[in-house]
Amino acid sequence: MTSDRYQSIADLPASIPVFPLAGVLLLPRTQLPLNIFEPRYLKMVDDAMRGERIIGMVQPDGDAAIAASQDPDAKPKLCSVGCAGRLTSWTETHDGRVLITLTGVARFRITSELDATTPYRICAVDWSEYENDLTSDFGAEGVSRDALLAVLKTYLETHGLQADWRTIKQSSNEALVNSLSVISPYGPREKQALLEAQTLEDRNQMLIALTEIALQQASPTTDTTVQ
């Protein structure tokens, strides 16, 4: 397992390639599929496969995301916190794209951007603030699971969506909170706030609050607050 490979932050590299992508969230032990087609990121994946197999996902900071979407060659300012994933699957398509999956390892704080000769960006990172990310289910016992499931049920019913409740009930608290955060339909700022939540319960409460706000906006006359 990926989590068994990294026992402490000493097992993680001091600098990593980063993939700036707005609105995309990776968290420890979640999986993120990516469709890679730009030459610079094809090179990044190729180099990662030959090396540490670690790639850092990070969002452009604020309005920099808009500039980046308008200019593919731009180097937008990056959010200071991202999450690194290990490249755990790789498939090349007939048209030269690469389909990969990153499995989340740990969050990091960018300390500086290196003057790299590669076409992609490389940053020096500090893992120490998020050392507990390496421990599976850290803080899971404090998660208000019933409150999350209640607001999730209301959200699904409001939007006419279905869920595999059997799988949901079998999921650990960490897997439930982090997976729902990753697939949540919220914007870049909200995704960054979910990423930077200090504890798993902090992330859970933030996810509940964001969902309650979304429900209130969908049905202004309905009280959807979960007690």
# chains A, B, ... in the order shown; residues from 1 in each chain; ligands from 1

$ residues_around --residues "A:Pro17" --least-positions-apart "4" --cutoff "8 Å" --atoms "only C-alpha atoms" --output "PDB file with all heavy atoms, in the first residue's frame"
ATOM      1  N   MET A  44       6.710  15.798 -17.217  1.00  0.00           N
ATOM      2  CA  MET A  44       6.686  15.688 -15.756  1.00  0.00           C
ATOM      3  C   MET A  44       6.340  14.263 -15.322  1.00  0.00           C
ATOM      4  O   MET A  44       6.994  13.688 -14.441  1.00  0.00           O
ATOM      5  CB  MET A  44       5.659  16.670 -15.177  1.00  0.00           C
ATOM      6  CG  MET A  44       5.504  16.600 -13.667  1.00  0.00           C
ATOM      7  SD  MET A  44       4.171  17.672 -13.049  1.00  0.00           S
ATOM      8  CE  MET A  44       2.740  16.773 -13.693  1.00  0.00           C
ATOM      9  N   ILE A  54       6.432  10.938  -7.252  1.00  0.00           N
ATOM     10  CA  ILE A  54       5.645  11.878  -6.457  1.00  0.00           C
ATOM     11  C   ILE A  54       5.371  13.130  -7.276  1.00  0.00           C
ATOM     12  O   ILE A  54       6.285  13.701  -7.877  1.00  0.00           O
ATOM     13  CB  ILE A  54       6.391  12.266  -5.161  1.00  0.00           C
ATOM     14  CG1 ILE A  54       6.438  11.082  -4.200  1.00  0.00           C
ATOM     15  CG2 ILE A  54       5.754  13.468  -4.493  1.00  0.00           C
ATOM     16  CD1 ILE A  54       5.129  10.783  -3.505  1.00  0.00           C
ATOM     17  N   ILE A  55       4.102  13.554  -7.289  1.00  0.00           N
ATOM     18  CA  ILE A  55       3.689  14.793  -7.956  1.00  0.00           C
ATOM     19  C   ILE A  55       2.830  15.581  -6.979  1.00  0.00           C
ATOM     20  O   ILE A  55       1.958  15.010  -6.312  1.00  0.00           O
ATOM     21  CB  ILE A  55       2.904  14.499  -9.246  1.00  0.00           C
ATOM     22  CG1 ILE A  55       3.809  13.854 -10.292  1.00  0.00           C
ATOM     23  CG2 ILE A  55       2.278  15.778  -9.813  1.00  0.00           C
ATOM     24  CD1 ILE A  55       3.076  13.393 -11.549  1.00  0.00           C
ATOM     25  N   GLY A  56       3.083  16.864  -6.868  1.00  0.00           N
ATOM     26  CA  GLY A  56       2.305  17.714  -5.976  1.00  0.00           C
ATOM     27  C   GLY A  56       1.172  18.411  -6.717  1.00  0.00           C
ATOM     28  O   GLY A  56       1.413  19.091  -7.710  1.00  0.00           O
ATOM     29  N   TYR A 120       8.275  21.998 -16.549  1.00  0.00           N
ATOM     30  CA  TYR A 120       7.279  22.071 -15.471  1.00  0.00           C
ATOM     31  C   TYR A 120       7.935  22.674 -14.234  1.00  0.00           C
ATOM     32  O   TYR A 120       9.165  22.774 -14.138  1.00  0.00           O
ATOM     33  CB  TYR A 120       6.720  20.682 -15.165  1.00  0.00           C
ATOM     34  CG  TYR A 120       7.776  19.634 -14.905  1.00  0.00           C
ATOM     35  CD1 TYR A 120       8.308  19.427 -13.631  1.00  0.00           C
ATOM     36  CD2 TYR A 120       8.263  18.840 -15.943  1.00  0.00           C
ATOM     37  CE1 TYR A 120       9.289  18.473 -13.402  1.00  0.00           C
ATOM     38  CE2 TYR A 120       9.239  17.873 -15.718  1.00  0.00           C
ATOM     39  CZ  TYR A 120       9.750  17.697 -14.456  1.00  0.00           C
ATOM     40  OH  TYR A 120      10.718  16.750 -14.232  1.00  0.00           O
ATOM     41  N   ARG A 121       7.122  23.059 -13.266  1.00  0.00           N
ATOM     42  CA  ARG A 121       7.608  23.761 -12.093  1.00  0.00           C
ATOM     43  C   ARG A 121       7.983  22.771 -10.982  1.00  0.00           C
ATOM     44  O   ARG A 121       7.330  21.746 -10.797  1.00  0.00           O
ATOM     45  CB  ARG A 121       6.548  24.757 -11.605  1.00  0.00           C
ATOM     46  CG  ARG A 121       6.203  25.759 -12.682  1.00  0.00           C
ATOM     47  CD  ARG A 121       4.959  26.576 -12.385  1.00  0.00           C
ATOM     48  NE  ARG A 121       5.181  27.591 -11.375  1.00  0.00           N
ATOM     49  CZ  ARG A 121       4.272  28.502 -11.041  1.00  0.00           C
ATOM     50  NH1 ARG A 121       3.081  28.508 -11.632  1.00  0.00           N
ATOM     51  NH2 ARG A 121       4.541  29.405 -10.109  1.00  0.00           N
ATOM     52  N   ILE A 122       9.025  23.118 -10.248  1.00  0.00           N
ATOM     53  CA  ILE A 122       9.491  22.300  -9.116  1.00  0.00           C
ATOM     54  C   ILE A 122       9.594  23.200  -7.893  1.00  0.00           C
ATOM     55  O   ILE A 122      10.122  24.315  -7.970  1.00  0.00           O
ATOM     56  CB  ILE A 122      10.858  21.658  -9.422  1.00  0.00           C
ATOM     57  CG1 ILE A 122      10.749  20.730 -10.643  1.00  0.00           C
ATOM     58  CG2 ILE A 122      11.372  20.885  -8.204  1.00  0.00           C
ATOM     59  CD1 ILE A 122      12.066  20.098 -11.049  1.00  0.00           C
ATOM     60  N   CYS A 123       9.077  22.719  -6.781  1.00  0.00           N
ATOM     61  CA  CYS A 123       9.088  23.519  -5.557  1.00  0.00           C
ATOM     62  C   CYS A 123       9.764  22.770  -4.412  1.00  0.00           C
ATOM     63  O   CYS A 123       9.645  21.537  -4.302  1.00  0.00           O
ATOM     64  CB  CYS A 123       7.658  23.868  -5.138  1.00  0.00           C
ATOM     65  SG  CYS A 123       6.829  25.040  -6.247  1.00  0.00           S
TER      66      CYS A 123
END

$ residues_around --residues "A:Trp127" --least-positions-apart "6" --cutoff "12 Å" --atoms "only C-alpha atoms" --output "list in words"
Tyr6, Ser8, Ile9, Ala10, Asp11, Leu12, Pro13, Ala14, Ser15, Ile16, Gly56, Val81, Gly82, Cys83, Ala84, Val105, Ala106, Arg107, Phe108, Arg109, Ile110, Thr111, Asp133 and Leu134 of chain A

$ write_last_selection --atoms "C-alpha atoms" --output "PDB file, in the first residue's frame"
ATOM      1  CA  TYR A   6       6.093   6.457   3.663  1.00  0.00           C
ATOM      2  CA  SER A   8       7.755   9.410   8.195  1.00  0.00           C
ATOM      3  CA  ILE A   9       8.359  12.702   6.447  1.00  0.00           C
ATOM      4  CA  ALA A  10      12.023  11.672   6.164  1.00  0.00           C
ATOM      5  CA  ASP A  11      10.855   9.240   3.473  1.00  0.00           C
ATOM      6  CA  LEU A  12       9.500  12.110   1.344  1.00  0.00           C
ATOM      7  CA  PRO A  13      11.568  14.241  -1.068  1.00  0.00           C
ATOM      8  CA  ALA A  14      12.580  17.788  -0.183  1.00  0.00           C
ATOM      9  CA  SER A  15      11.528  19.092  -3.613  1.00  0.00           C
ATOM     10  CA  ILE A  16       8.772  17.872  -5.907  1.00  0.00           C
ATOM     11  CA  GLY A  56       2.305  17.714  -5.976  1.00  0.00           C
ATOM     12  CA  VAL A  81      -0.475  24.433   0.574  1.00  0.00           C
ATOM     13  CA  GLY A  82      -0.970  21.458  -1.728  1.00  0.00           C
ATOM     14  CA  CYS A  83      -1.124  17.684  -1.498  1.00  0.00           C
ATOM     15  CA  ALA A  84       1.338  15.227  -2.964  1.00  0.00           C
ATOM     16  CA  VAL A 105       0.204  10.760   0.393  1.00  0.00           C
ATOM     17  CA  ALA A 106       0.467  13.961   2.438  1.00  0.00           C
ATOM     18  CA  ARG A 107      -0.074  17.681   2.301  1.00  0.00           C
ATOM     19  CA  PHE A 108       2.854  20.072   2.067  1.00  0.00           C
ATOM     20  CA  ARG A 109       3.657  23.761   2.374  1.00  0.00           C
ATOM     21  CA  ILE A 110       5.671  25.360  -0.421  1.00  0.00           C
ATOM     22  CA  THR A 111       8.758  27.101   0.904  1.00  0.00           C
ATOM     23  CA  ASP A 133      -1.270  12.778   7.161  1.00  0.00           C
ATOM     24  CA  LEU A 134       0.966   9.722   6.945  1.00  0.00           C
TER      25      LEU A 134
END

$ residues_around --residues "A:Ala175" --least-positions-apart "2" --cutoff "10 Å" --atoms "only C-alpha atoms" --output "ChimeraX atom specification"
/A:27-30,136-137,140,168,170-173,177-181

$ residues_around --residues "A:Lys169" --least-positions-apart "6" --cutoff "12 Å" --atoms "only C-alpha atoms" --output "VMD selection string"
chain A and resid 145 to 146 148 to 149 163 175 to 176

$ closest_atom_pairs --of "stretch 6-92 of chain A" --to "stretch 189-200 of chain A" --cutoff "12 Å" --atoms "only C-alpha atoms" --output "tab-separated table"
residue	atom	partner	partner_atom	distance
A:Leu21	CA	A:Gln192	CA	11.5
A:Ala22	CA	A:Lys191	CA	9.2
A:Gly23	CA	A:Lys191	CA	6.5
A:Val24	CA	A:Lys191	CA	7.4
A:Leu25	CA	A:Lys191	CA	6.3
A:Leu26	CA	A:Leu195	CA	7.8
A:Leu27	CA	A:Leu195	CA	7.0
A:Pro28	CA	A:Leu195	CA	9.9
A:Met57	CA	A:Leu195	CA	10.9
A:Val58	CA	A:Gln192	CA	9.0
A:Gln59	CA	A:Gln192	CA	7.7
A:Pro60	CA	A:Gln192	CA	10.2
A:Asp61	CA	A:Arg189	CA	8.9
A:Gly62	CA	A:Arg189	CA	7.6
A:Asp63	CA	A:Arg189	CA	10.6
A:Ala65	CA	A:Arg189	CA	10.7
A:Leu78	CA	A:Gln192	CA	11.4
A:Cys79	CA	A:Gln192	CA	8.3
A:Ser80	CA	A:Glu196	CA	9.9
A:Val81	CA	A:Glu196	CA	7.1
A:Gly82	CA	A:Leu195	CA	7.5
A:Cys83	CA	A:Leu195	CA	8.0
A:Ala84	CA	A:Leu195	CA	11.7

$ write_last_selection --atoms "C-alpha atoms" --output "PDB file, in the first residue's frame"
ATOM      1  CA  LEU A  21      -4.781  22.899 -11.428  1.00  0.00           C
ATOM      2  CA  ALA A  22      -7.671  25.055 -10.209  1.00  0.00           C
ATOM      3  CA  GLY A  23     -10.647  23.401  -8.558  1.00  0.00           C
ATOM      4  CA  VAL A  24      -8.946  20.018  -8.162  1.00  0.00           C
ATOM      5  CA  LEU A  25      -8.510  18.498  -4.729  1.00  0.00           C
ATOM      6  CA  LEU A  26      -6.292  15.611  -3.634  1.00  0.00           C
ATOM      7  CA  LEU A  27      -6.236  14.390  -0.042  1.00  0.00           C
ATOM      8  CA  PRO A  28      -4.301  11.620   1.732  1.00  0.00           C
ATOM      9  CA  MET A  57      -1.181  18.958  -6.766  1.00  0.00           C
ATOM     10  CA  VAL A  58      -1.601  22.650  -6.003  1.00  0.00           C
ATOM     11  CA  GLN A  59      -4.069  25.334  -7.016  1.00  0.00           C
ATOM     12  CA  PRO A  60      -3.208  28.689  -8.594  1.00  0.00           C
ATOM     13  CA  ASP A  61      -3.806  31.379  -5.980  1.00  0.00           C
ATOM     14  CA  GLY A  62      -7.026  33.378  -6.409  1.00  0.00           C
ATOM     15  CA  ASP A  63      -7.227  35.438  -9.601  1.00  0.00           C
ATOM     16  CA  ALA A  65      -6.353  30.753 -11.768  1.00  0.00           C
ATOM     17  CA  LEU A  78       0.521  29.184  -6.314  1.00  0.00           C
ATOM     18  CA  CYS A  79      -1.398  28.530  -3.130  1.00  0.00           C
ATOM     19  CA  SER A  80       1.052  27.822  -0.341  1.00  0.00           C
ATOM     20  CA  VAL A  81      -0.475  24.433   0.574  1.00  0.00           C
ATOM     21  CA  GLY A  82      -0.970  21.458  -1.728  1.00  0.00           C
ATOM     22  CA  CYS A  83      -1.124  17.684  -1.498  1.00  0.00           C
ATOM     23  CA  ALA A  84       1.338  15.227  -2.964  1.00  0.00           C
TER      24      ALA A  84
END

$ atom_distance --atom1 "atom CA of A:Asp47" --atom2 "atom CA of A:Asp95"
19.8 Å

$ residues_around --residues "stretch 151-155 of chain A" --least-positions-apart "4" --cutoff "7 Å" --atoms "only C-alpha atoms" --output "mmCIF file with N, CA, C and O atoms, in the first residue's frame"
data_model
loop_
_atom_site.group_PDB
_atom_site.id
_atom_site.type_symbol
_atom_site.label_atom_id
_atom_site.label_comp_id
_atom_site.auth_asym_id
_atom_site.auth_seq_id
_atom_site.Cartn_x
_atom_site.Cartn_y
_atom_site.Cartn_z
ATOM 1 N N ALA A 147 -23.965 13.381 11.321
ATOM 2 C CA ALA A 147 -24.319 14.702 10.805
ATOM 3 C C ALA A 147 -23.973 14.821 9.323
ATOM 4 O O ALA A 147 -24.733 15.383 8.536
ATOM 5 N N HIS A 159 -31.359 17.067 -5.110
ATOM 6 C CA HIS A 159 -30.878 17.137 -6.486
ATOM 7 C C HIS A 159 -31.234 15.895 -7.311
ATOM 8 O O HIS A 159 -30.769 15.749 -8.448
ATOM 9 N N ILE A 208 -19.931 19.895 5.840
ATOM 10 C CA ILE A 208 -21.337 19.998 6.240
ATOM 11 C C ILE A 208 -21.845 21.419 6.023
ATOM 12 O O ILE A 208 -22.923 21.636 5.461
ATOM 13 N N LEU A 215 -27.635 23.872 -0.074
ATOM 14 C CA LEU A 215 -29.042 23.495 0.041
ATOM 15 C C LEU A 215 -29.933 24.711 0.253
ATOM 16 O O LEU A 215 -31.021 24.803 -0.314
ATOM 17 N N VAL A 226 -28.563 20.985 9.922
ATOM 18 C CA VAL A 226 -28.495 19.717 10.629
ATOM 19 C C VAL A 226 -28.142 19.989 12.079
ATOM 20 O O VAL A 226 -27.123 20.611 12.378
#

$ closest_residue --among "A:Lys77, A:Arg5, A:Ala209, A:Ile100" --to "A:Met49" --atoms "only C-alpha atoms"
A:Ile100

$ atom_distance --atom1 "atom CA of A:Leu32" --atom2 "atom CA of A:Leu87"
9.7 Å

$ closest_residue --among "A:Lys43, A:His94, A:Arg203, A:Lys75" --to "A:Gly142" --atoms "only C-alpha atoms"
A:Arg203

$ select_by_dssp --residues "chain A" --states "alpha helix (DSSP H)" --output "ChimeraX atom specification"
/A:2-5,39-50,64-70,145-158,165-170,173-183,188-196,200-218

$ atom_distance --atom1 "atom CA of A:Tyr130" --atom2 "atom CA of A:Val45"
24.5 Å

$ closest_residue --among "A:Gly104, A:Pro20, A:Gly139, A:Gly96" --to "A:Pro39" --atoms "only C-alpha atoms"
A:Gly96

$ select_by_dssp --residues "stretch 54-210 of chain A" --states "strand (DSSP E or B)" --output "ChimeraX atom specification"
/A:54-58,60,78,81-92,98-113,121-126
